[in-house]
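Have a look at input_37.cif; it's mmCIF, C-alpha atoms and all ligand atoms:
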data_upload
#
loop_
_atom_site.label_atom_id
_atom_site.label_comp_id
_atom_site.auth_asym_id
_atom_site.auth_seq_id
_atom_site.Cartn_x
_atom_site.Cartn_y
_atom_site.Cartn_z
CA MET A 1 108.15 79.10 104.83
CA GLN A 2 106.47 82.12 106.37
CA LYS A 3 102.69 81.96 106.66
CA LEU A 4 101.27 84.88 104.66
CA ALA A 5 97.97 86.67 105.18
CA PRO A 6 95.77 87.01 102.05
CA TYR A 7 96.25 90.81 102.04
CA SER A 8 100.06 90.57 102.09
CA ALA A 9 102.28 90.60 99.01
CA HIS A 10 102.74 87.09 97.56
CA SER A 11 105.83 86.97 95.42
CA GLU A 12 104.34 84.49 92.95
CA HIS A 13 101.49 86.94 92.21
CA GLY A 14 103.66 90.05 92.03
CA ARG A 15 103.59 92.51 89.17
CA GLY A 16 107.09 91.49 88.12
CA ARG A 17 110.27 93.23 87.05
CA GLN A 18 110.86 95.78 84.29
CA TYR A 19 113.12 93.34 82.47
CA THR A 20 111.85 89.77 82.54
CA GLU A 21 114.21 87.32 84.24
CA ASP A 22 114.00 83.64 85.16
CA SER A 23 112.66 83.01 88.66
CA PRO A 24 115.43 82.52 91.22
CA SER A 25 116.12 79.04 92.54
CA TYR A 26 115.88 78.55 96.30
CA ARG A 27 114.88 82.17 97.01
CA SER A 28 111.71 84.18 96.60
CA GLU A 29 111.61 87.16 94.24
CA TYR A 30 111.68 89.52 97.24
CA GLN A 31 114.65 87.74 98.79
CA ARG A 32 116.42 88.31 95.50
CA ASP A 33 115.52 92.01 95.69
CA ARG A 34 116.90 92.20 99.22
CA ASP A 35 120.13 90.48 98.14
CA ARG A 36 120.58 92.82 95.18
CA ILE A 37 120.13 95.83 97.46
CA VAL A 38 122.68 94.55 99.98
CA HIS A 39 125.21 93.99 97.17
CA SER A 40 124.74 97.44 95.63
CA VAL A 41 127.35 100.20 95.79
CA ALA A 42 124.74 102.67 97.04
CA PHE A 43 124.05 100.41 100.05
CA ARG A 44 127.72 100.36 101.07
CA ARG A 45 127.85 104.13 100.83
CA LEU A 46 125.12 104.44 103.48
CA GLU A 47 127.78 103.60 106.05
CA TYR A 48 129.42 106.98 105.51
CA LYS A 49 126.32 109.12 105.11
CA THR A 50 124.85 111.23 107.87
CA GLN A 51 121.57 110.74 109.62
CA VAL A 52 121.75 113.85 111.86
CA PHE A 53 125.40 113.96 112.86
CA VAL A 54 128.07 114.21 110.17
CA ASN A 55 129.97 110.98 109.81
CA HIS A 56 133.24 112.14 111.41
CA GLU A 57 131.57 113.64 114.52
CA GLY A 58 131.69 110.39 116.45
CA ASP A 59 131.77 106.63 116.02
CA LEU A 60 128.67 105.86 118.09
CA PHE A 61 126.10 107.94 116.22
CA ARG A 62 123.70 106.40 113.72
CA THR A 63 124.60 106.53 110.07
CA ARG A 64 122.18 105.90 107.23
CA LEU A 65 123.37 102.30 107.18
CA THR A 66 122.69 101.56 110.84
CA HIS A 67 119.43 103.52 110.56
CA SER A 68 118.33 101.36 107.62
CA ILE A 69 119.20 98.18 109.55
CA GLU A 70 117.17 99.40 112.54
CA VAL A 71 114.22 100.18 110.26
CA ALA A 72 114.46 96.66 108.79
CA GLN A 73 114.62 95.11 112.26
CA ILE A 74 111.52 96.94 113.51
CA ALA A 75 109.58 96.41 110.29
CA ARG A 76 110.39 92.70 110.08
CA SER A 77 109.22 91.99 113.64
CA ILE A 78 105.90 93.65 112.88
CA ALA A 79 105.60 91.97 109.47
CA ARG A 80 106.06 88.56 111.05
CA GLU A 81 103.44 89.27 113.68
CA LEU A 82 100.88 90.50 111.10
CA ASP A 83 101.70 87.73 108.59
CA LEU A 84 102.92 90.26 106.04
CA ASN A 85 105.73 89.42 103.65
CA GLU A 86 108.90 89.73 105.70
CA ASP A 87 111.29 89.51 102.75
CA LEU A 88 109.57 92.34 100.90
CA THR A 89 109.39 94.42 104.07
CA GLU A 90 113.11 93.94 104.59
CA ALA A 91 113.97 94.81 100.99
CA ILE A 92 111.99 98.06 101.11
CA SER A 93 113.42 99.00 104.52
CA LEU A 94 117.03 98.46 103.45
CA ALA A 95 116.53 100.41 100.21
CA HIS A 96 114.43 103.30 101.49
CA ASP A 97 117.33 105.73 101.97
CA LEU A 98 119.59 104.74 99.05
CA GLY A 99 119.04 108.05 97.27
CA HIS A 100 120.03 110.28 100.16
CA THR A 101 122.67 112.91 99.54
CA PRO A 102 125.61 113.41 101.89
CA PHE A 103 124.94 115.53 105.00
CA GLY A 104 121.37 114.50 105.68
CA HIS A 105 118.44 116.73 104.87
CA SER A 106 120.43 119.90 104.30
CA GLY A 107 122.19 118.10 101.43
CA GLN A 108 118.93 117.22 99.76
CA ASP A 109 117.43 120.70 100.31
CA THR A 110 120.46 122.40 98.79
CA LEU A 111 120.56 120.07 95.83
CA ASN A 112 116.87 120.67 95.27
CA VAL A 113 117.49 124.43 95.15
CA CYS A 114 120.43 123.94 92.74
CA MET A 115 118.22 121.77 90.53
CA LYS A 116 115.15 124.01 90.56
CA ASP A 117 115.38 124.87 86.84
CA TYR A 118 116.22 121.29 85.95
CA GLY A 119 113.40 119.26 87.45
CA GLY A 120 114.39 119.51 91.14
CA PHE A 121 115.87 116.88 93.43
CA GLU A 122 113.97 114.60 95.79
CA HIS A 123 115.63 111.82 97.78
CA ASN A 124 112.74 109.36 97.40
CA LEU A 125 112.79 109.68 93.67
CA GLN A 126 116.57 109.43 93.76
CA SER A 127 116.34 106.13 95.69
CA LEU A 128 114.22 104.78 92.86
CA ARG A 129 116.65 106.19 90.30
CA VAL A 130 119.53 104.42 92.07
CA VAL A 131 117.87 101.01 91.75
CA ASP A 132 116.31 101.64 88.33
CA VAL A 133 119.19 103.34 86.54
CA LEU A 134 122.34 104.26 88.42
CA GLU A 135 123.58 100.91 89.75
CA GLN A 136 125.62 99.31 86.96
CA ARG A 137 125.96 95.64 87.85
CA TYR A 138 124.27 93.52 85.24
CA ALA A 139 125.12 92.80 81.64
CA GLU A 140 121.54 92.82 80.43
CA PHE A 141 120.08 95.96 81.95
CA GLN A 142 120.76 99.20 83.79
CA GLY A 143 119.93 99.32 87.47
CA ILE A 144 119.22 96.24 89.59
CA ASN A 145 115.81 95.44 88.11
CA LEU A 146 113.80 95.10 91.32
CA THR A 147 110.21 93.87 91.50
CA PHE A 148 107.31 96.30 91.20
CA GLU A 149 106.39 95.85 94.89
CA THR A 150 109.84 96.83 96.17
CA ARG A 151 109.95 99.84 93.85
CA GLU A 152 106.43 100.81 94.94
CA GLY A 153 107.64 100.78 98.56
CA ILE A 154 110.80 102.79 97.83
CA LEU A 155 108.78 105.60 96.24
CA LYS A 156 107.11 106.87 99.40
CA HIS A 157 106.06 110.28 98.11
CA CYS A 158 106.09 111.82 94.70
CA SER A 159 104.72 114.97 93.08
CA LYS A 160 102.04 114.47 90.44
CA LYS A 161 104.35 116.00 87.87
CA ASN A 162 107.10 113.47 88.53
CA ALA A 163 104.60 110.63 88.95
CA ALA A 164 103.29 111.23 85.44
CA GLU A 165 106.72 110.40 84.05
CA LEU A 166 107.30 107.27 86.11
CA GLY A 167 104.93 104.77 84.53
CA ASP A 168 103.62 101.94 86.74
CA VAL A 169 105.08 103.05 90.10
CA GLY A 170 103.85 106.61 89.56
CA GLU A 171 100.21 105.65 88.92
CA ARG A 172 99.08 105.52 92.52
CA PHE A 173 100.01 109.17 93.11
CA LEU A 174 97.85 110.21 90.18
CA GLN A 175 94.95 107.99 91.20
CA GLY A 176 95.21 108.62 94.96
CA ARG A 177 95.73 104.92 95.80
CA GLN A 178 97.68 103.31 98.64
CA PRO A 179 100.80 101.16 98.40
CA GLY A 180 100.81 97.57 99.71
CA LEU A 181 100.97 96.88 103.46
CA GLU A 182 104.69 96.06 103.42
CA ALA A 183 105.38 99.54 102.01
CA GLN A 184 103.08 101.15 104.59
CA LEU A 185 104.92 99.23 107.30
CA ALA A 186 108.44 100.20 106.20
CA ASN A 187 107.34 103.83 106.22
CA LEU A 188 106.00 103.64 109.80
CA ALA A 189 109.05 101.69 110.99
CA ASP A 190 111.22 104.47 109.54
CA SER A 191 109.59 107.00 111.91
CA ILE A 192 109.77 104.68 114.92
CA ALA A 193 113.48 104.12 114.23
CA TYR A 194 114.55 107.72 113.73
CA ASN A 195 112.46 109.27 116.50
CA ASN A 196 113.99 106.90 119.01
CA HIS A 197 117.55 106.81 117.79
CA ASP A 198 117.62 110.57 117.44
CA VAL A 199 116.63 110.84 121.12
CA ASP A 200 119.51 108.49 121.93
CA ASP A 201 122.02 110.24 119.65
CA GLY A 202 120.86 113.71 120.71
CA LEU A 203 121.42 112.84 124.37
CA ARG A 204 124.76 111.20 123.60
CA GLY A 205 125.87 114.27 121.66
CA GLY A 206 124.81 116.56 124.53
CA LEU A 207 122.43 118.57 122.32
CA ILE A 208 119.30 117.68 124.26
CA THR A 209 118.87 116.73 127.92
CA VAL A 210 116.88 114.20 129.94
CA GLU A 211 115.25 117.14 131.79
CA GLN A 212 113.91 118.54 128.50
CA LEU A 213 112.66 115.12 127.45
CA ARG A 214 110.80 114.64 130.72
CA GLU A 215 108.35 117.22 129.33
CA ILE A 216 107.57 114.90 126.42
CA ARG A 217 104.92 112.33 127.24
CA LEU A 218 106.32 109.41 125.21
CA PHE A 219 109.68 109.67 126.97
CA ALA A 220 108.31 110.74 130.37
CA ILE A 221 106.07 107.69 130.90
CA GLN A 222 108.77 105.14 130.11
CA CYS A 223 111.45 107.05 131.97
CA GLU A 224 109.30 107.23 135.08
CA THR A 225 108.66 103.48 134.99
CA VAL A 226 112.39 102.79 134.62
CA SER A 227 113.29 105.13 137.51
CA LYS A 228 110.71 103.44 139.71
CA ILE A 229 111.91 99.89 139.05
CA TYR A 230 115.63 100.77 138.98
CA PRO A 231 116.16 103.88 141.13
CA GLN A 232 119.95 103.37 141.28
CA LEU A 233 120.57 103.02 137.55
CA ASP A 234 123.29 105.19 136.00
CA THR A 235 122.15 107.72 133.41
CA ARG A 236 123.39 105.96 130.28
CA ARG A 237 121.65 102.72 131.16
CA MET A 238 118.53 104.59 132.23
CA ILE A 239 118.43 106.22 128.77
CA ASN A 240 118.95 102.89 126.98
CA GLU A 241 116.28 101.21 129.06
CA THR A 242 113.86 104.09 128.41
CA VAL A 243 114.48 104.17 124.64
CA ARG A 244 114.06 100.44 124.26
CA ARG A 245 110.74 100.64 126.11
CA MET A 246 109.64 103.54 123.88
CA ILE A 247 110.33 101.46 120.78
CA ASN A 248 108.46 98.51 122.25
CA TYR A 249 105.50 100.72 123.20
CA LEU A 250 105.26 102.09 119.65
CA VAL A 251 105.66 98.67 118.05
CA VAL A 252 102.99 97.08 120.24
CA ASP A 253 100.57 99.94 119.55
CA LEU A 254 101.20 99.70 115.81
CA ILE A 255 100.62 95.94 115.80
CA GLU A 256 97.43 96.09 117.86
CA THR A 257 95.89 99.07 116.08
CA SER A 258 96.76 97.69 112.66
CA ARG A 259 95.46 94.23 113.44
CA ALA A 260 92.08 95.68 114.43
CA ARG A 261 92.01 97.91 111.36
CA LEU A 262 92.87 94.99 109.05
CA LEU A 263 89.92 93.11 110.46
CA ASP A 264 87.55 96.09 110.21
CA SER A 265 88.59 96.91 106.66
CA GLY A 266 87.70 93.43 105.43
CA VAL A 267 90.49 93.55 102.81
CA SER A 268 91.46 90.18 101.41
CA SER A 269 94.06 90.97 98.75
CA ILE A 270 96.88 93.40 98.05
CA ASP A 271 94.73 95.09 95.40
CA GLU A 272 91.98 95.74 97.94
CA VAL A 273 94.65 97.26 100.20
CA ARG A 274 95.76 99.48 97.32
CA ASN A 275 92.18 100.59 96.64
CA TYR A 276 91.31 101.20 100.28
CA PRO A 277 90.62 104.93 100.80
CA GLU A 278 93.38 105.38 103.38
CA PRO A 279 96.44 103.56 104.70
CA ILE A 280 95.36 100.63 106.89
CA LEU A 281 98.46 100.30 109.05
CA MET A 282 98.66 103.03 111.66
CA HIS A 283 99.10 103.96 115.29
CA SER A 284 96.18 104.60 117.62
CA ASP A 285 95.16 108.28 117.81
CA ALA A 286 96.62 108.70 121.28
CA VAL A 287 100.01 107.27 120.33
CA ALA A 288 100.09 109.13 117.01
CA LYS A 289 99.67 112.32 119.03
CA GLU A 290 102.48 111.38 121.40
CA SER A 291 104.76 110.57 118.46
CA LEU A 292 104.00 113.91 116.88
CA GLU A 293 104.84 115.69 120.11
CA LEU A 294 108.24 113.95 120.17
CA LYS A 295 108.83 114.67 116.49
CA ARG A 296 108.15 118.39 117.05
CA PHE A 297 110.42 118.40 120.07
CA LEU A 298 113.25 116.90 118.02
CA GLN A 299 112.67 119.38 115.22
CA ARG A 300 112.92 122.38 117.56
CA ASN A 301 115.62 121.18 119.88
CA LEU A 302 117.80 118.80 117.87
CA TYR A 303 117.51 119.38 114.12
CA GLU A 304 117.44 123.16 114.71
CA HIS A 305 120.08 123.16 117.45
CA TYR A 306 122.65 125.78 116.55
CA ARG A 307 125.43 123.23 116.28
CA VAL A 308 123.42 121.02 113.93
CA LEU A 309 122.36 124.09 111.94
CA ARG A 310 125.95 125.29 111.60
CA MET A 311 126.97 121.94 110.18
CA SER A 312 123.91 121.90 107.89
CA LYS A 313 124.66 125.37 106.56
CA LYS A 314 128.29 124.46 106.00
CA ALA A 315 127.20 121.29 104.21
CA GLY A 316 124.79 123.29 102.07
CA ARG A 317 127.60 125.62 100.97
CA VAL A 318 129.85 122.65 100.13
CA ILE A 319 127.18 121.08 97.93
CA SER A 320 126.06 124.27 96.26
CA LYS A 321 129.61 125.38 95.41
CA MET A 322 130.47 121.99 93.96
CA PHE A 323 127.28 121.92 91.89
CA HIS A 324 127.95 125.32 90.34
CA ALA A 325 131.61 124.54 89.69
CA PHE A 326 130.65 121.39 87.75
CA MET A 327 127.91 123.21 85.86
CA GLU A 328 130.33 125.97 84.90
CA ASP A 329 132.70 123.48 83.30
CA TYR A 330 131.71 119.82 83.21
CA ARG A 331 135.23 118.81 82.16
CA ILE A 332 136.33 118.94 85.82
CA LEU A 333 133.98 116.01 86.55
CA PRO A 334 135.73 112.62 86.69
CA THR A 335 136.03 111.22 83.16
CA GLN A 336 133.39 108.49 83.55
CA TYR A 337 130.81 111.24 84.13
CA HIS A 338 131.68 112.90 80.81
CA GLU A 339 130.69 109.64 79.15
CA PHE A 340 127.54 109.54 81.22
CA SER A 341 126.56 113.06 80.35
CA ALA A 342 127.10 112.39 76.64
CA LEU A 343 125.05 109.23 76.94
CA LEU A 344 122.14 110.64 78.89
CA SER A 345 121.78 114.14 77.69
CA ASP A 346 123.65 115.20 74.55
CA HIS A 347 125.17 117.85 76.83
CA SER A 348 121.91 119.74 77.21
CA GLU A 349 122.09 121.89 80.32
CA SER A 350 119.39 120.00 82.22
CA GLY A 351 120.91 116.66 81.21
CA LEU A 352 124.25 117.82 82.56
CA ALA A 353 122.59 119.10 85.75
CA ARG A 354 121.09 115.62 86.32
CA VAL A 355 124.51 114.00 85.88
CA VAL A 356 126.02 116.45 88.36
CA ALA A 357 123.15 115.84 90.84
CA ASP A 358 123.65 112.07 90.52
CA TYR A 359 127.37 112.48 91.15
CA ILE A 360 126.88 114.70 94.20
CA ALA A 361 123.98 112.66 95.62
CA GLY A 362 126.11 109.53 95.44
CA MET A 363 128.90 111.06 97.54
CA THR A 364 129.46 110.04 101.15
CA ASP A 365 130.03 112.83 103.69
CA ARG A 366 133.78 112.40 103.74
CA PHE A 367 134.07 112.03 99.97
CA ALA A 368 132.12 115.29 99.56
CA ILE A 369 134.43 117.09 101.99
CA ASN A 370 137.52 115.78 100.19
CA GLU A 371 136.13 116.55 96.75
CA TYR A 372 135.34 120.08 97.90
CA ARG A 373 138.95 120.49 99.02
CA ARG A 374 140.24 119.13 95.72
CA LEU A 375 138.07 121.62 93.84
CA PHE A 376 138.61 124.76 95.88
CA GLU A 377 141.81 124.55 97.92
CA PRO A 378 144.88 125.44 95.85
CA GLY A 379 147.24 123.41 98.09
CA GLU A 380 145.25 120.16 97.69
CA LEU A 381 146.06 117.45 95.19
CA THR A 382 143.43 117.18 92.47
MG MG A 401 114.87 106.75 106.76
#
Could you write out this file's structure as structure tokens?
Amino acid sequence: MQKLAPYSAHSEHGRGRQYTEDSPSYRSEYQRDRDRIVHSVAFRRLEYKTQVFVNHEGDLFRTRLTHSIEVAQIARSIARELDLNEDLTEAISLAHDLGHTPFGHSGQDTLNVCMKDYGGFEHNLQSLRVVDVLEQRYAEFQGINLTFETREGILKHCSKKNAAELGDVGERFLQGRQPGLEAQLANLADSIAYNNHDVDDGLRGGLITVEQLREIRLFAIQCETVSKIYPQLDTRRMINETVRRMINYLVVDLIETSRARLLDSGVSSIDEVRNYPEPILMHSDAVAKESLELKRFLQRNLYEHYRVLRMSKKAGRVISKMFHAFMEDYRILPTQYHEFSALLSDHSESGLARVVADYIAGMTDRFAINEYRRLFEPGELT
């Protein structure tokens, strides 16, 4: 059994599930959450959803699945070191991207524009919707009925308007409270994972260069150390060695800064963590600044690289055209979605829009491309 700090989440004192169930035998409540997430359809789809590169661009790039596993790996190491609940941390990390659309952020932005008269679209909220409603696995309830603490961690951000409709998990956004430490940790591990793997993928894809990155402090320091110790190393291994040291540097800083802040804060329960005026887990100021510099670099040079932008724009058009085609005549949706739309919405326009958004958001990159062909290319089979 893991030793847990008093301020961590203790599964026996959790706020429970929406539908009451018997406690699991031989597993904790959070292990059960993790297992339900791993067995969900949405989790399997992450394998074929883009992080930055579209799924068919290459076999070595991160997908949302490998990203989520990397987030869980980083977050669990830190959780164990800080005596936080490792099972809960893992469950939140593996579930945090379940609501992502195909084609990364451009997919979500386009769907949000399409949905602007129907309540909008937000991937965080969609992740919660996946586990609360859309997964259909159990006889007794819709969704996978996760614990409050896992759901609290999945809902990273939320507008006040949406929060007001969400009940218990929405409350903290209205009251300006913090989530538990495991949720704070999964969020920070998410940034550590994507900043570093996007450097690796960006270099591998030839969109950014080592020379450019030498201008960025976080990369430069580690890269210089590696070059000093191993002057003969080939470029690929030099990059790997540098990236692994960057991750370690960020993880160590997060552990040490957070440990000191936990002590200073004097919190001794998860409720005190929730009521604390700001998040307790964080990087030191100096490292937070270095991370931000890297994040801005990636924004300018990778996410806004013309080749990434071209793909994003293309993806946006695919999603927007599909959305409008389904809205124009819902009968071209697969039959099971007709039943859904009748069930959820009485065919009101916004109810239908939500069904269409759920359908599109659930698509993998390649399914979306094929569905687009089936809808718009006369020579394709339907
Ligand atoms: Mg993520």
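Straight-line separation from CA of Gln184 (chain A) to CA of Phe43 (chain A): 21.5 Å.
Proximity ranking of A:Met246, A:Ile192, A:Ala9, A:Met115 relative to ligand MG 401 (chain A) places A:Ile192 first, based on all atoms listed in the file.
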Just want the 12 Å neighbourhood of Gln73 (chain A), counted on only C-alpha atoms, with same-chain residues fewer than 2 positions away dropped. Output as number ranges by chain. A: 66-71, 75-80, 86-87, 89-94, 185-186, 189-190, 192-193, 247, 251
For CA of Asp168 (chain A) and CA of Pro24 (chain A), determine how far apart the two atoms are, in Å to one decimal place. 23.2 Å
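From CA of Ser106 (chain A) back to CA of Lys313 (chain A), the distance works out to 7.3 Å.
With only C-alpha atoms as the atoms that count, the minimum distance from Leu4 (chain A) to the choices A:Ile332, A:Ile74, A:Met311, A:Leu88 is reached by A:Leu88.
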The residue from A:Arg129, A:Arg15, A:Arg274, A:His283 with the smallest atom-to-atom distance to Ala260 (chain A), counting only C-alpha atoms, is A:His283
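Using all atoms listed in the file, the contacts of Cys114 (chain A) at a cut-off of 10 Å, with sequence neighbours closer than 2 positions omitted, comprise Gln108, Asp109, Thr110, Leu111, Asn112, Lys116, Asp117, Tyr118, Gly119, Gly120, Phe121, Ile319, Ser320, Lys321, Phe323, His324, Ala353 and Ala357 of chain A.
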Between A:Arg64, A:Thr225, A:Thr147, A:Gln142, which is the closest to Gln31 (chain A) once you count all atoms listed in the file? A:Thr147
Could you name the residues that touch Phe173 (chain A) at 12 Å or less, counting all atoms listed in the file, but leaving out those on the same chain fewer than 3 positions away, as a ChimeraX atom specification? /A:152,155-170,176-179,274
At a cut-off of 10 Å, using only C-alpha atoms, what residues contact Asn275 (chain A)? Leave out same-chain residues fewer than 2 positions from it and give the result as a tab-separated table (two decimals) with C-alpha atoms, in the coordinates of the input.
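What landed in part_34.tsv:
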chain	number	residue	atom	x	y	z
A	172	ARG	CA	99.08	105.52	92.52
A	175	GLN	CA	94.95	107.99	91.20
A	176	GLY	CA	95.21	108.62	94.96
A	177	ARG	CA	95.73	104.92	95.80
A	178	GLN	CA	97.68	103.31	98.64
A	179	PRO	CA	100.80	101.16	98.40
A	180	GLY	CA	100.81	97.57	99.71
A	267	VAL	CA	90.49	93.55	102.81
A	270	ILE	CA	96.88	93.40	98.05
A	271	ASP	CA	94.73	95.09	95.40
A	272	GLU	CA	91.98	95.74	97.94
A	273	VAL	CA	94.65	97.26	100.20
A	277	PRO	CA	90.62	104.93	100.80
A	278	GLU	CA	93.38	105.38	103.38
A	279	PRO	CA	96.44	103.56	104.70
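Comparing A:Val131, A:Leu381, A:Leu333, A:Leu188 by their smallest distance to ligand MG 401 (chain A), the closest is A:Leu188 (using only C-alpha atoms and all ligand atoms).
Here the question is which of A:Leu263, A:Gly379, A:Arg307, A:Arg366 gets nearest to Glu47 (chain A) using all atoms listed in the file, and that residue is A:Arg366.
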Contact residues around Glu12 (chain A) with all atoms listed in the file at 12 Å, ignoring same-chain residues under 4 positions, as a CSV table (one decimal) with C-alpha atoms, in the frame of the given file:
chain,number,residue,atom,x,y,z
A,8,SER,CA,100.1,90.6,102.1
A,16,GLY,CA,107.1,91.5,88.1
A,23,SER,CA,112.7,83.0,88.7
A,24,PRO,CA,115.4,82.5,91.2
A,27,ARG,CA,114.9,82.2,97.0
A,28,SER,CA,111.7,84.2,96.6
A,29,GLU,CA,111.6,87.2,94.2
A,30,TYR,CA,111.7,89.5,97.2
A,85,ASN,CA,105.7,89.4,103.6
A,147,THR,CA,110.2,93.9,91.5
A,149,GLU,CA,106.4,95.8,94.9
